[in-house]
$ cat model_37.cif   # mmCIF, C-alpha atoms and all ligand atoms
data_input
loop_
_atom_site.label_atom_id
_atom_site.label_comp_id
_atom_site.auth_asym_id
_atom_site.auth_seq_id
_atom_site.Cartn_x
_atom_site.Cartn_y
_atom_site.Cartn_z
CA MET O 1 127.72 61.25 36.89
CA PRO O 2 125.77 63.44 34.40
CA ILE O 3 126.38 66.83 36.00
CA GLN O 4 123.78 68.70 33.91
CA HIS O 5 120.82 66.45 34.87
CA PRO O 6 118.41 67.64 37.56
CA LEU O 7 118.67 65.50 40.69
CA THR O 8 115.94 64.81 43.26
CA LEU O 9 118.82 64.67 45.76
CA LEU O 10 119.43 68.38 45.09
CA GLY O 11 115.76 69.41 44.93
CA GLY O 12 115.68 69.37 41.12
CA LEU O 13 118.95 71.26 40.66
CA SER O 14 121.65 69.70 38.53
CA PRO O 15 125.02 69.15 40.24
CA ALA O 16 126.39 71.89 37.97
CA GLU O 17 123.73 74.37 39.17
CA PHE O 18 124.16 73.37 42.80
CA MET O 19 127.93 73.86 42.66
CA GLN O 20 127.57 77.21 40.92
CA ARG O 21 124.84 78.66 43.14
CA TYR O 22 125.09 77.05 46.60
CA TRP O 23 128.39 75.23 47.18
CA GLN O 24 130.50 77.22 49.69
CA ARG O 25 127.98 80.07 49.34
CA LYS O 26 124.57 79.55 50.95
CA PRO O 27 122.36 76.92 52.61
CA LEU O 28 119.92 74.78 50.67
CA LEU O 29 116.99 72.90 52.18
CA VAL O 30 115.78 69.94 50.11
CA ARG O 31 112.52 68.31 51.14
CA GLN O 32 112.48 64.62 50.25
CA ALA O 33 115.99 64.62 48.77
CA ILE O 34 115.69 60.84 49.09
CA PRO O 35 111.98 59.96 48.99
CA ASP O 36 110.83 57.16 51.35
CA PHE O 37 114.27 57.05 52.91
CA LYS O 38 114.80 54.23 55.38
CA PRO O 39 117.82 54.20 57.73
CA LEU O 40 120.69 52.11 56.36
CA VAL O 41 122.04 51.26 59.80
CA SER O 42 119.83 50.19 62.71
CA ARG O 43 120.17 51.70 66.16
CA ALA O 44 121.58 48.38 67.43
CA SER O 45 124.23 48.25 64.66
CA LEU O 46 125.20 51.86 65.32
CA PHE O 47 125.64 51.12 69.03
CA ALA O 48 127.69 48.04 68.11
CA MET O 49 129.95 50.22 65.95
CA ALA O 50 130.37 52.66 68.85
CA ALA O 51 131.62 49.74 70.96
CA ASP O 52 134.34 48.94 68.41
CA SER O 53 137.78 50.39 69.15
CA GLU O 54 138.46 50.76 65.40
CA VAL O 55 135.54 53.17 65.04
CA GLU O 56 135.71 56.82 66.10
CA SER O 57 132.76 57.79 68.31
CA ARG O 58 131.75 60.52 70.75
CA LEU O 59 128.99 60.87 73.30
CA VAL O 60 127.59 64.33 74.00
CA VAL O 61 125.30 64.80 76.98
CA LYS O 62 123.69 68.21 77.46
CA PRO O 63 124.73 70.63 78.78
CA PHE O 64 127.69 69.55 76.72
CA LYS O 65 129.85 66.97 78.35
CA VAL O 66 131.86 65.09 75.74
CA GLN O 67 133.29 61.58 76.07
CA HIS O 68 135.25 59.68 73.45
CA GLY O 69 134.50 56.07 72.50
CA PRO O 70 134.60 53.12 72.34
CA PHE O 71 131.43 52.72 74.42
CA ALA O 72 130.21 49.36 75.67
CA ARG O 73 126.42 49.25 75.26
CA ASN O 74 125.89 49.53 79.03
CA LYS O 75 128.07 52.67 79.12
CA LEU O 76 125.61 54.62 76.97
CA PRO O 77 122.81 56.48 78.79
CA LYS O 78 119.36 54.86 78.86
CA LEU O 79 117.08 55.40 75.87
CA SER O 80 114.52 56.88 78.25
CA GLN O 81 117.03 59.60 79.22
CA ASN O 82 116.65 62.82 77.21
CA ASP O 83 119.35 65.13 75.85
CA TRP O 84 122.12 62.83 74.72
CA THR O 85 123.72 62.21 71.32
CA LEU O 86 126.04 59.52 70.06
CA LEU O 87 128.15 60.53 67.05
CA VAL O 88 129.80 57.79 64.99
CA GLN O 89 132.38 58.96 62.45
CA GLY O 90 133.39 57.30 59.16
CA VAL O 91 130.47 54.86 58.92
CA ASP O 92 131.11 54.68 55.14
CA LEU O 93 134.26 52.67 55.95
CA HIS O 94 132.21 49.97 57.65
CA ASP O 95 129.08 49.58 55.55
CA ASP O 96 128.72 49.24 51.76
CA LYS O 97 125.24 50.79 51.63
CA VAL O 98 126.43 53.82 53.55
CA ALA O 99 129.46 54.12 51.23
CA ASP O 100 127.08 53.96 48.22
CA LEU O 101 124.96 56.74 49.71
CA MET O 102 128.04 58.90 50.21
CA HIS O 103 129.02 58.24 46.61
CA GLN O 104 125.84 60.01 45.46
CA PHE O 105 127.76 63.18 46.39
CA ARG O 106 130.65 62.44 44.01
CA PHE O 107 129.74 65.48 41.91
CA VAL O 108 132.23 67.00 44.36
CA PRO O 109 135.80 65.70 43.75
CA ASP O 110 136.85 62.67 45.82
CA ALA O 111 139.76 64.76 47.08
CA ARG O 112 137.19 66.84 48.99
CA LEU O 113 134.80 64.13 50.21
CA ASP O 114 135.63 63.03 53.73
CA ASP O 115 133.20 60.72 55.46
CA LEU O 116 129.67 59.98 56.52
CA MET O 117 128.94 60.45 60.22
CA ILE O 118 125.79 59.12 61.86
CA SER O 119 124.36 60.76 64.94
CA PHE O 120 121.76 59.16 67.16
CA ALA O 121 119.93 61.36 69.67
CA THR O 122 117.18 61.09 72.23
CA GLU O 123 114.58 63.87 72.74
CA GLY O 124 116.32 67.23 73.07
CA GLY O 125 119.74 65.81 72.12
CA GLY O 126 122.21 67.82 70.03
CA VAL O 127 125.69 69.29 70.08
CA GLY O 128 124.54 72.87 70.65
CA PRO O 129 124.69 75.91 68.36
CA HIS O 130 128.03 75.96 66.56
CA PHE O 131 129.66 76.33 63.18
CA ASP O 132 131.92 73.94 61.29
CA SER O 133 134.90 74.76 59.10
CA TYR O 134 133.70 72.47 56.32
CA ASP O 135 130.66 72.07 54.06
CA VAL O 136 128.11 69.52 55.20
CA PHE O 137 124.97 67.82 53.92
CA LEU O 138 122.71 66.90 56.85
CA LEU O 139 120.37 64.12 55.81
CA GLN O 140 117.57 63.21 58.22
CA ALA O 141 117.48 59.42 58.40
CA HIS O 142 115.05 58.63 61.21
CA GLY O 143 112.65 60.69 63.35
CA GLN O 144 112.59 64.46 63.34
CA ARG O 145 115.18 67.10 64.06
CA LYS O 146 114.66 70.84 64.28
CA TRP O 147 117.47 72.82 62.68
CA SER O 148 117.96 76.50 63.49
CA ILE O 149 120.48 78.21 61.24
CA GLY O 150 121.89 81.69 60.77
CA LYS O 151 124.81 83.75 59.58
CA GLN O 152 126.23 84.43 62.99
CA LYS O 153 128.35 87.55 63.55
CA ASP O 154 128.92 87.18 67.29
CA LEU O 155 131.26 84.21 67.55
CA SER O 156 131.75 84.27 71.31
CA LEU O 157 131.61 80.83 72.89
CA VAL O 158 130.09 79.39 76.05
CA GLU O 159 132.86 79.04 78.62
CA GLY O 160 133.56 75.95 80.67
CA VAL O 161 132.08 73.32 78.32
CA ASP O 162 133.90 70.60 76.36
CA LEU O 163 132.47 71.73 72.99
CA LYS O 164 132.64 74.92 70.94
CA VAL O 165 129.12 76.19 71.60
CA LEU O 166 128.05 79.68 70.46
CA ALA O 167 127.03 81.82 73.45
CA ASN O 168 124.64 84.18 71.68
CA PHE O 169 123.23 82.25 68.73
CA GLU O 170 120.66 84.23 66.76
CA PRO O 171 119.14 81.96 64.10
CA SER O 172 117.38 83.46 61.10
CA HIS O 173 115.59 80.29 59.92
CA GLU O 174 114.14 77.16 61.49
CA TYR O 175 113.26 73.94 59.73
CA VAL O 176 111.92 70.65 61.01
CA LEU O 177 113.47 67.83 58.97
CA ASN O 178 111.68 64.53 58.37
CA PRO O 179 113.30 61.32 57.10
CA GLY O 180 114.65 61.91 53.59
CA ASP O 181 114.86 65.72 54.01
CA MET O 182 118.32 67.26 53.69
CA LEU O 183 119.98 70.54 54.59
CA TYR O 184 123.21 71.72 52.94
CA LEU O 185 125.31 74.21 54.91
CA PRO O 186 128.42 76.00 53.67
CA PRO O 187 131.47 76.34 55.96
CA ARG O 188 131.13 78.62 59.00
CA TYR O 189 127.31 78.82 58.78
CA ALA O 190 125.99 78.58 62.35
CA HIS O 191 123.53 75.79 63.11
CA ASP O 192 121.84 73.97 65.95
CA GLY O 193 120.04 70.65 65.48
CA ILE O 194 117.75 69.50 68.26
CA ALA O 195 116.21 66.03 68.23
CA MET O 196 112.40 65.98 68.43
CA GLY O 197 112.08 62.54 69.92
CA GLU O 198 114.54 59.76 69.05
CA CYS O 199 116.29 60.61 65.78
CA MET O 200 119.19 59.78 63.50
CA THR O 201 120.98 62.23 61.19
CA TYR O 202 123.61 61.46 58.56
CA SER O 203 126.28 64.11 57.94
CA ILE O 204 128.10 63.89 54.63
CA GLY O 205 131.29 65.77 55.45
CA PHE O 206 134.12 67.23 53.41
CA ARG O 207 137.78 67.79 54.04
CA SER O 208 139.83 70.73 53.04
CA PRO O 209 143.46 70.94 53.98
CA ALA O 210 144.84 74.05 55.66
CA GLN O 211 147.59 75.48 53.48
CA ASN O 212 150.23 75.42 56.23
CA ASP O 213 149.43 71.76 57.10
CA LEU O 214 149.64 70.85 53.43
CA ALA O 215 152.98 72.66 53.03
CA ARG O 216 154.39 70.85 56.08
CA GLU O 217 153.16 67.44 54.92
CA LEU O 218 154.33 67.83 51.31
CA LEU O 219 157.72 69.28 52.18
CA MET O 220 158.31 66.41 54.59
CA ARG O 221 157.40 63.87 51.92
CA LEU O 222 159.53 65.65 49.30
CA SER O 223 162.58 65.92 51.52
CA ASP O 224 162.22 62.25 52.54
CA GLU O 225 162.36 61.33 48.88
CA THR O 226 165.21 63.61 47.82
CA GLU O 227 168.27 61.44 47.58
CA ASN O 228 171.15 61.92 49.99
CA LEU O 229 169.64 65.03 51.54
CA ASP O 230 169.90 63.46 54.98
CA ALA O 231 173.56 62.62 54.43
CA LEU O 232 174.48 66.14 53.37
CA LEU O 233 175.67 68.03 56.44
CA TYR O 234 176.32 71.74 56.44
CA GLN O 235 180.05 72.34 56.18
CA ASP O 236 181.87 75.63 56.59
CA PRO O 237 185.65 75.29 56.10
CA ARG O 238 185.73 78.95 55.02
CA GLN O 239 183.90 80.25 58.07
CA VAL O 240 185.85 83.18 59.43
CA ALA O 241 186.06 84.09 63.09
CA VAL O 242 183.13 86.28 64.12
CA ASP O 243 182.68 89.12 66.55
CA LEU O 244 178.89 88.99 66.03
CA PRO O 245 178.15 85.37 67.10
CA GLY O 246 174.37 85.91 67.12
CA LEU O 247 174.23 86.56 63.36
CA ILE O 248 173.12 83.59 61.21
CA PRO O 249 175.75 82.93 58.51
CA LYS O 250 174.66 83.79 54.96
CA ALA O 251 176.06 80.44 53.81
CA LEU O 252 173.69 78.61 56.16
CA GLN O 253 170.76 80.55 54.71
CA SER O 254 171.85 79.54 51.18
CA PHE O 255 172.23 75.93 52.37
CA ALA O 256 168.60 75.96 53.58
CA GLN O 257 167.42 77.55 50.32
CA ASP O 258 169.33 74.93 48.37
CA ALA O 259 167.64 72.12 50.35
CA LEU O 260 164.18 73.47 49.47
CA ASP O 261 165.15 74.06 45.81
CA LYS O 262 166.35 70.44 45.55
CA ALA O 263 163.16 69.09 47.12
CA LEU O 264 161.02 71.09 44.67
CA LYS O 265 163.27 70.61 41.60
CA ASP O 266 161.31 67.81 39.90
CA PRO O 267 158.08 69.45 38.68
CA GLN O 268 156.25 66.08 38.90
CA ALA O 269 157.33 65.41 42.46
CA LEU O 270 154.90 67.85 44.09
CA ALA O 271 151.95 66.45 42.13
CA ARG O 272 153.06 62.93 43.06
CA VAL O 273 153.35 63.50 46.81
CA LEU O 274 150.06 65.45 46.80
CA GLY O 275 148.23 62.50 45.21
CA GLU O 276 149.90 60.04 47.56
CA PHE O 277 148.91 62.16 50.54
CA LEU O 278 145.29 62.62 49.37
CA THR O 279 144.77 58.90 48.80
CA GLU O 280 146.36 57.79 52.05
CA PRO O 281 143.84 55.42 53.73
CA LYS O 282 142.22 56.63 56.95
CA ALA O 283 144.23 55.85 60.10
CA ASN O 284 142.00 52.97 61.27
CA VAL O 285 141.84 51.19 57.88
CA TRP O 286 143.58 47.82 57.39
CA PHE O 287 143.13 45.81 54.22
CA GLU O 288 143.06 42.03 54.42
CA ASN O 289 145.14 40.21 51.81
CA CYS O 290 143.08 38.02 49.52
CA ASN O 291 144.12 34.47 48.68
CA GLY O 292 142.52 34.28 45.22
CA LEU O 293 144.81 33.10 42.43
CA LYS O 294 143.40 34.88 39.46
CA LEU O 295 141.65 38.08 38.57
CA PRO O 296 137.84 38.01 38.93
CA LYS O 297 135.79 38.78 35.82
CA GLN O 298 134.49 42.06 37.20
CA LEU O 299 136.12 44.29 39.77
CA GLN O 300 135.22 47.10 42.10
CA LEU O 301 137.23 49.18 44.52
CA ASP O 302 136.87 48.18 48.16
CA ARG O 303 134.71 50.81 49.90
CA ARG O 304 137.74 51.92 51.94
CA SER O 305 140.06 52.33 48.92
CA ARG O 306 140.91 55.87 47.89
CA MET O 307 141.79 56.23 44.22
CA MET O 308 142.55 59.44 42.26
CA TYR O 309 144.69 60.53 39.34
CA ASP O 310 146.30 63.51 37.67
CA GLY O 311 147.70 64.07 34.17
CA THR O 312 150.67 61.76 34.78
CA HIS O 313 149.93 59.55 37.77
CA ILE O 314 147.47 57.05 39.15
CA PHE O 315 147.14 57.06 42.94
CA LEU O 316 145.68 54.31 45.07
CA ASN O 317 145.80 54.08 48.86
CA GLY O 318 148.85 56.30 49.24
CA GLU O 319 150.89 54.78 46.39
CA SER O 320 151.51 56.15 42.89
CA TRP O 321 152.21 54.87 39.39
CA ARG O 322 153.12 56.75 36.25
CA ALA O 323 150.75 55.75 33.47
CA SER O 324 149.97 56.82 29.92
CA GLY O 325 147.98 55.61 26.91
CA PRO O 326 145.30 52.90 27.22
CA ASP O 327 146.54 51.72 30.65
CA ALA O 328 146.11 55.23 32.06
CA ARG O 329 142.64 55.47 30.48
CA LEU O 330 141.61 52.19 32.09
CA MET O 331 142.89 53.15 35.54
CA ARG O 332 141.21 56.56 35.31
CA CYS O 333 137.94 54.73 34.54
CA LEU O 334 138.46 52.65 37.65
CA ALA O 335 139.07 55.78 39.73
CA ASN O 336 135.95 57.53 38.38
CA GLN O 337 133.53 54.58 38.30
CA ARG O 338 135.13 52.66 41.17
CA ALA O 339 134.53 49.51 39.08
CA LEU O 340 135.66 47.80 35.87
CA THR O 341 133.48 45.73 33.56
CA LYS O 342 134.31 42.31 32.17
CA ALA O 343 135.08 43.84 28.76
CA GLN O 344 137.39 46.47 30.27
CA ILE O 345 139.34 43.82 32.17
CA GLN O 346 139.54 41.47 29.19
CA GLY O 347 140.87 44.30 27.00
CA ALA O 348 143.52 45.38 29.54
CA SER O 349 147.24 45.07 28.73
CA LYS O 350 149.38 42.41 30.44
CA ASP O 351 150.96 45.06 32.69
CA ALA O 352 147.60 46.51 33.64
CA LYS O 353 146.21 43.05 34.45
CA GLU O 354 149.23 42.32 36.62
CA LEU O 355 148.74 45.57 38.53
CA LEU O 356 145.02 44.86 38.96
CA LEU O 357 145.86 41.40 40.28
CA ASN O 358 148.30 42.88 42.81
CA TRP O 359 145.69 45.35 44.00
CA TYR O 360 143.14 42.54 44.22
CA LEU O 361 145.51 40.40 46.27
CA SER O 362 146.16 43.36 48.58
CA GLY O 363 142.43 43.61 49.25
CA TRP O 364 142.17 47.05 47.57
CA LEU O 365 139.92 45.64 44.81
CA LYS O 366 137.06 43.18 45.23
CA ALA O 367 135.21 40.85 42.89
CA ASN O 368 132.06 42.60 41.69
CA GLU O 369 129.17 40.16 41.84
CA THR O 370 126.55 42.49 40.32
C1 LIG O 401 124.51 66.04 64.67
O1 LIG O 401 124.23 65.28 63.73
O2 LIG O 401 123.96 65.92 65.77
C2 LIG O 401 125.50 67.15 64.54
C3 LIG O 401 125.84 67.47 63.16
C4 LIG O 401 126.33 68.90 63.05
O3 LIG O 401 125.73 69.80 63.59
O4 LIG O 401 127.32 69.15 62.36
CO CO O 402 127.81 71.02 62.68
#
$ encode --input "model_37.cif" --output "structure tokens"
Amino acid sequence: MPIQHPLTLLGGLSPAEFMQRYWQRKPLLVRQAIPDFKPLVSRASLFAMAADSEVESRLVVKPFKVQHGPFARNKLPKLSQNDWTLLVQGVDLHDDKVADLMHQFRFVPDARLDDLMISFATEGGGVGPHFDSYDVFLLQAHGQRKWSIGKQKDLSLVEGVDLKVLANFEPSHEYVLNPGDMLYLPPRYAHDGIAMGECMTYSIGFRSPAQNDLARELLMRLSDETENLDALLYQDPRQVAVDLPGLIPKALQSFAQDALDKALKDPQALARVLGEFLTEPKANVWFENCNGLKLPKQLQLDRRSRMMYDGTHIFLNGESWRASGPDARLMRCLANQRALTKAQIQGASKDAKELLLNWYLSGWLKANET
């Protein structure tokens, strides 16, 4: 993506300018970010997704009762009833057009992009004034929604409701969004979106790991991989008799230190488990094996595939490969463009072709008809 070119999506800012001036800093309202925008998913298809047990969905009825899906169509409130919202998470996993829309935001690293959620609401519907921990682009897809936003100091919450709703929200700005309009909000910026008649809003959401969660996850993966660590029991043949039984032995502290040192010894190991963790498919994703016998002429990543790389590794759907030279260049192209051309595939080495074929047979890559 040319990061210096002005984008209509960002109101004429280039991705570079947006990231420097707004990202994680301040809100940005873009009128007609996508001119003449038409919803990519109909109300009926969204309701059908909400009925699917593989799809994560929530129903919020004011004053803030929350239920978790799946919802059979007749379990949703009537369309003539005001004040309810259906939120369907991860729609990008289920629809190519929605995945393509989300990919317009790939000026932010894939490691940070999370999913596209669609909310449907009837008149007055919304999830109440709140703040999120992550950045979000709120794209109005259908009907109108009034957004009130503000830097909220008083973070006290309404008691006795299922959601985190700010008790004393004091917005500083109000905007009515029409289809194609978009509002970017940085983390922890308070907001309240209220449907003005039936409406649909798309939220392009980001993920950002908490450092303690990341440490726990990576240490677990590293210790799982460190050979024989599970077989090595603490032994203390030189332990002397103690008159202070509550005191932890120094040798046991060194043993623990040694375990961590071993797990972190290989400088590449941390980068490897990080990439494997970041590309792990979402919990409800299953790939179907493909029965094709040979590699198609052109390839693209399945919309659910997560592919990234670092200086030494290629990561795809939670697995890693060490790669260098032309093979690494080719796989990095695939990660960045999410597709390979006929010429790129024809020019690939035998090893690279074999790997591509394996990924294709696993359903991670698809034939690209375009
Ligand atoms: C919604 O689309 O109704 C809620 C999105 C949000 O406020 O984060
Ligand atoms: Co929000």
$ residues_near_ligand --input "model_37.cif" --ligand "ligand CO 402 (chain O)" --cutoff "8 Å" --atoms "all atoms listed in the file" --output "MDAnalysis selection string"
chainID O and resid 127 130:132 136 190:192
$ write_last_selection --input "model_37.cif" --atoms "C-alpha atoms" --output "PDB file, in the coordinates of the input"
ATOM      1  CA  VAL O 127     125.690  69.290  70.080  1.00  0.00           C
ATOM      2  CA  HIS O 130     128.030  75.960  66.560  1.00  0.00           C
ATOM      3  CA  PHE O 131     129.660  76.330  63.180  1.00  0.00           C
ATOM      4  CA  ASP O 132     131.920  73.940  61.290  1.00  0.00           C
ATOM      5  CA  VAL O 136     128.110  69.520  55.200  1.00  0.00           C
ATOM      6  CA  ALA O 190     125.990  78.580  62.350  1.00  0.00           C
ATOM      7  CA  HIS O 191     123.530  75.790  63.110  1.00  0.00           C
ATOM      8  CA  ASP O 192     121.840  73.970  65.950  1.00  0.00           C
TER       9      ASP O 192
END
$ closest_atom_pairs --input "model_37.cif" --of "chain O" --to "ligand LIG 401 (chain O)" --cutoff "9 Å" --atoms "all atoms listed in the file" --output "CSV"
residue,atom,partner,partner_atom,distance
O:Thr85,CA,O:LIG401,O2,6.7
O:Leu86,CA,O:LIG401,O2,8.0
O:Leu87,CA,O:LIG401,O2,6.9
O:Met117,CA,O:LIG401,O1,7.6
O:Ile118,CA,O:LIG401,O1,6.6
O:Ser119,CA,O:LIG401,O1,4.7
O:Phe120,CA,O:LIG401,O2,7.2
O:Ala121,CA,O:LIG401,O2,7.2
O:Gly125,CA,O:LIG401,O2,7.6
O:Gly126,CA,O:LIG401,O2,5.0
O:Val127,CA,O:LIG401,O2,5.7
O:Gly128,CA,O:LIG401,O3,7.8
O:Pro129,CA,O:LIG401,O3,7.8
O:His130,CA,O:LIG401,O3,7.2
O:Phe131,CA,O:LIG401,O4,7.6
O:Asp132,CA,O:LIG401,O4,6.7
O:Val136,CA,O:LIG401,O4,7.2
O:Phe137,CA,O:LIG401,O4,8.9
O:Leu138,CA,O:LIG401,C3,7.1
O:Leu139,CA,O:LIG401,O1,8.9
O:Gln140,CA,O:LIG401,O1,8.9
O:Trp147,CA,O:LIG401,O3,8.8
O:Ala190,CA,O:LIG401,O3,8.9
O:His191,CA,O:LIG401,O3,6.4
O:Asp192,CA,O:LIG401,O3,6.2
O:Gly193,CA,O:LIG401,O3,6.1
O:Ile194,CA,O:LIG401,O2,7.6
O:Ala195,CA,O:LIG401,O2,8.1
O:Met200,CA,O:LIG401,O1,7.5
O:Thr201,CA,O:LIG401,O1,5.1
O:Tyr202,CA,O:LIG401,O1,6.5
O:Ser203,CA,O:LIG401,C3,6.2
O:Gly205,CA,O:LIG401,O4,8.7
$ atom_distance --input "model_37.cif" --atom1 "atom CA of Leu79 of chain O" --atom2 "atom CA of Asn178 of chain O"
20.5 Å
$ residues_around --input "model_37.cif" --residues "segment 50-63 of chain O" --least-positions-apart "5" --cutoff "10 Å" --atoms "all atoms listed in the file" --output "VMD selection string"
chain O and resid 44 to 45 68 to 77 82 to 91 93 to 94 117 to 121 124 to 128 161 to 163 283 to 286
$ closest_residue --input "model_37.cif" --among "O:Arg221, O:Lys297, O:Arg21, O:His173" --to "Leu270 of chain O" --atoms "only C-alpha atoms"
O:Arg221
$ residues_around --input "model_37.cif" --residues "segment 309-311 of chain O" --least-positions-apart "2" --cutoff "10 Å" --atoms "all atoms listed in the file" --output "list in words"
Gln268, Ala271, Arg272, Gly275, Glu276, Thr279, Met307, His313, Ile314, Phe315, Leu316, Ser320, Trp321, Arg322, Ala323, Ser324, Ala328, Met331, Arg332, Ala335 and Asn336 of chain O
$ axis_aligned_box --input "model_37.cif" --around "segment 95-98 of chain O" --padding-each-side "6 Å" --output "JSON"
{"center_x": 127.2, "center_y": 51.5, "center_z": 53.6, "size_x": 15.8, "size_y": 16.6, "size_z": 15.9}
$ residues_near_point --input "model_37.cif" --point "(108.5, 58.6, 64.0)" --cutoff "10 Å" --atoms "all atoms listed in the file" --output "list in words"
His142, Gly143, Gln144, Asn178, Pro179, Met196, Gly197, Glu198 and Cys199 of chain O
$ closest_residue --input "model_37.cif" --among "O:Ala256, O:Val242, O:Met1, O:Ala141" --to "Met182 of chain O" --atoms "all atoms listed in the file"
O:Ala141
$ atom_distance --input "model_37.cif" --atom1 "atom CA of Leu252 of chain O" --atom2 "atom CA of Gln211 of chain O"
26.4 Å
$ build_atoms --input "model_37.cif" --residues "segment 81-99 of chain O" --atoms "N, CA and C atoms" --output "mmCIF file, keeping the file's coordinate frame"
data_model
loop_
_atom_site.group_PDB
_atom_site.id
_atom_site.type_symbol
_atom_site.label_atom_id
_atom_site.label_comp_id
_atom_site.auth_asym_id
_atom_site.auth_seq_id
_atom_site.Cartn_x
_atom_site.Cartn_y
_atom_site.Cartn_z
ATOM 1 N N GLN O 81 116.416 58.328 78.772
ATOM 2 C CA GLN O 81 117.030 59.600 79.220
ATOM 3 C C GLN O 81 117.083 60.583 78.052
ATOM 4 N N ASN O 82 116.615 61.801 78.266
ATOM 5 C CA ASN O 82 116.650 62.820 77.210
ATOM 6 C C ASN O 82 118.050 63.410 77.057
ATOM 7 N N ASP O 83 118.204 64.199 75.989
ATOM 8 C CA ASP O 83 119.350 65.130 75.850
ATOM 9 C C ASP O 83 120.718 64.492 75.637
ATOM 10 N N TRP O 84 120.772 63.326 75.044
ATOM 11 C CA TRP O 84 122.120 62.830 74.720
ATOM 12 C C TRP O 84 122.221 62.455 73.233
ATOM 13 N N THR O 85 123.429 62.501 72.733
ATOM 14 C CA THR O 85 123.720 62.210 71.320
ATOM 15 C C THR O 85 124.956 61.335 71.220
ATOM 16 N N LEU O 86 124.865 60.341 70.373
ATOM 17 C CA LEU O 86 126.040 59.520 70.060
ATOM 18 C C LEU O 86 126.430 59.827 68.622
ATOM 19 N N LEU O 87 127.693 60.197 68.399
ATOM 20 C CA LEU O 87 128.150 60.530 67.050
ATOM 21 C C LEU O 87 129.163 59.478 66.593
ATOM 22 N N VAL O 88 128.893 58.829 65.487
ATOM 23 C CA VAL O 88 129.800 57.790 64.990
ATOM 24 C C VAL O 88 130.367 58.249 63.640
ATOM 25 N N GLN O 89 131.678 58.404 63.614
ATOM 26 C CA GLN O 89 132.380 58.960 62.450
ATOM 27 C C GLN O 89 132.741 57.860 61.447
ATOM 28 N N GLY O 90 132.853 58.225 60.172
ATOM 29 C CA GLY O 90 133.390 57.300 59.160
ATOM 30 C C GLY O 90 132.610 56.012 58.992
ATOM 31 N N VAL O 91 131.275 56.092 59.047
ATOM 32 C CA VAL O 91 130.470 54.860 58.920
ATOM 33 C C VAL O 91 130.595 54.292 57.491
ATOM 34 N N ASP O 92 130.912 55.138 56.534
ATOM 35 C CA ASP O 92 131.110 54.680 55.140
ATOM 36 C C ASP O 92 132.232 53.639 55.045
ATOM 37 N N LEU O 93 133.145 53.633 56.004
ATOM 38 C CA LEU O 93 134.260 52.670 55.950
ATOM 39 C C LEU O 93 133.803 51.278 56.379
ATOM 40 N N HIS O 94 132.646 51.226 57.032
ATOM 41 C CA HIS O 94 132.210 49.970 57.650
ATOM 42 C C HIS O 94 130.981 49.349 57.002
ATOM 43 N N ASP O 95 130.337 50.064 56.094
ATOM 44 C CA ASP O 95 129.080 49.580 55.550
ATOM 45 C C ASP O 95 128.969 49.979 54.075
ATOM 46 N N ASP O 96 128.780 48.972 53.204
ATOM 47 C CA ASP O 96 128.720 49.240 51.760
ATOM 48 C C ASP O 96 127.567 50.164 51.378
ATOM 49 N N LYS O 97 126.405 49.957 51.993
ATOM 50 C CA LYS O 97 125.240 50.790 51.630
ATOM 51 C C LYS O 97 125.485 52.256 51.987
ATOM 52 N N VAL O 98 126.132 52.448 53.118
ATOM 53 C CA VAL O 98 126.430 53.820 53.550
ATOM 54 C C VAL O 98 127.473 54.441 52.591
ATOM 55 N N ALA O 99 128.462 53.622 52.188
ATOM 56 C CA ALA O 99 129.460 54.120 51.230
ATOM 57 C C ALA O 99 128.758 54.492 49.915
#
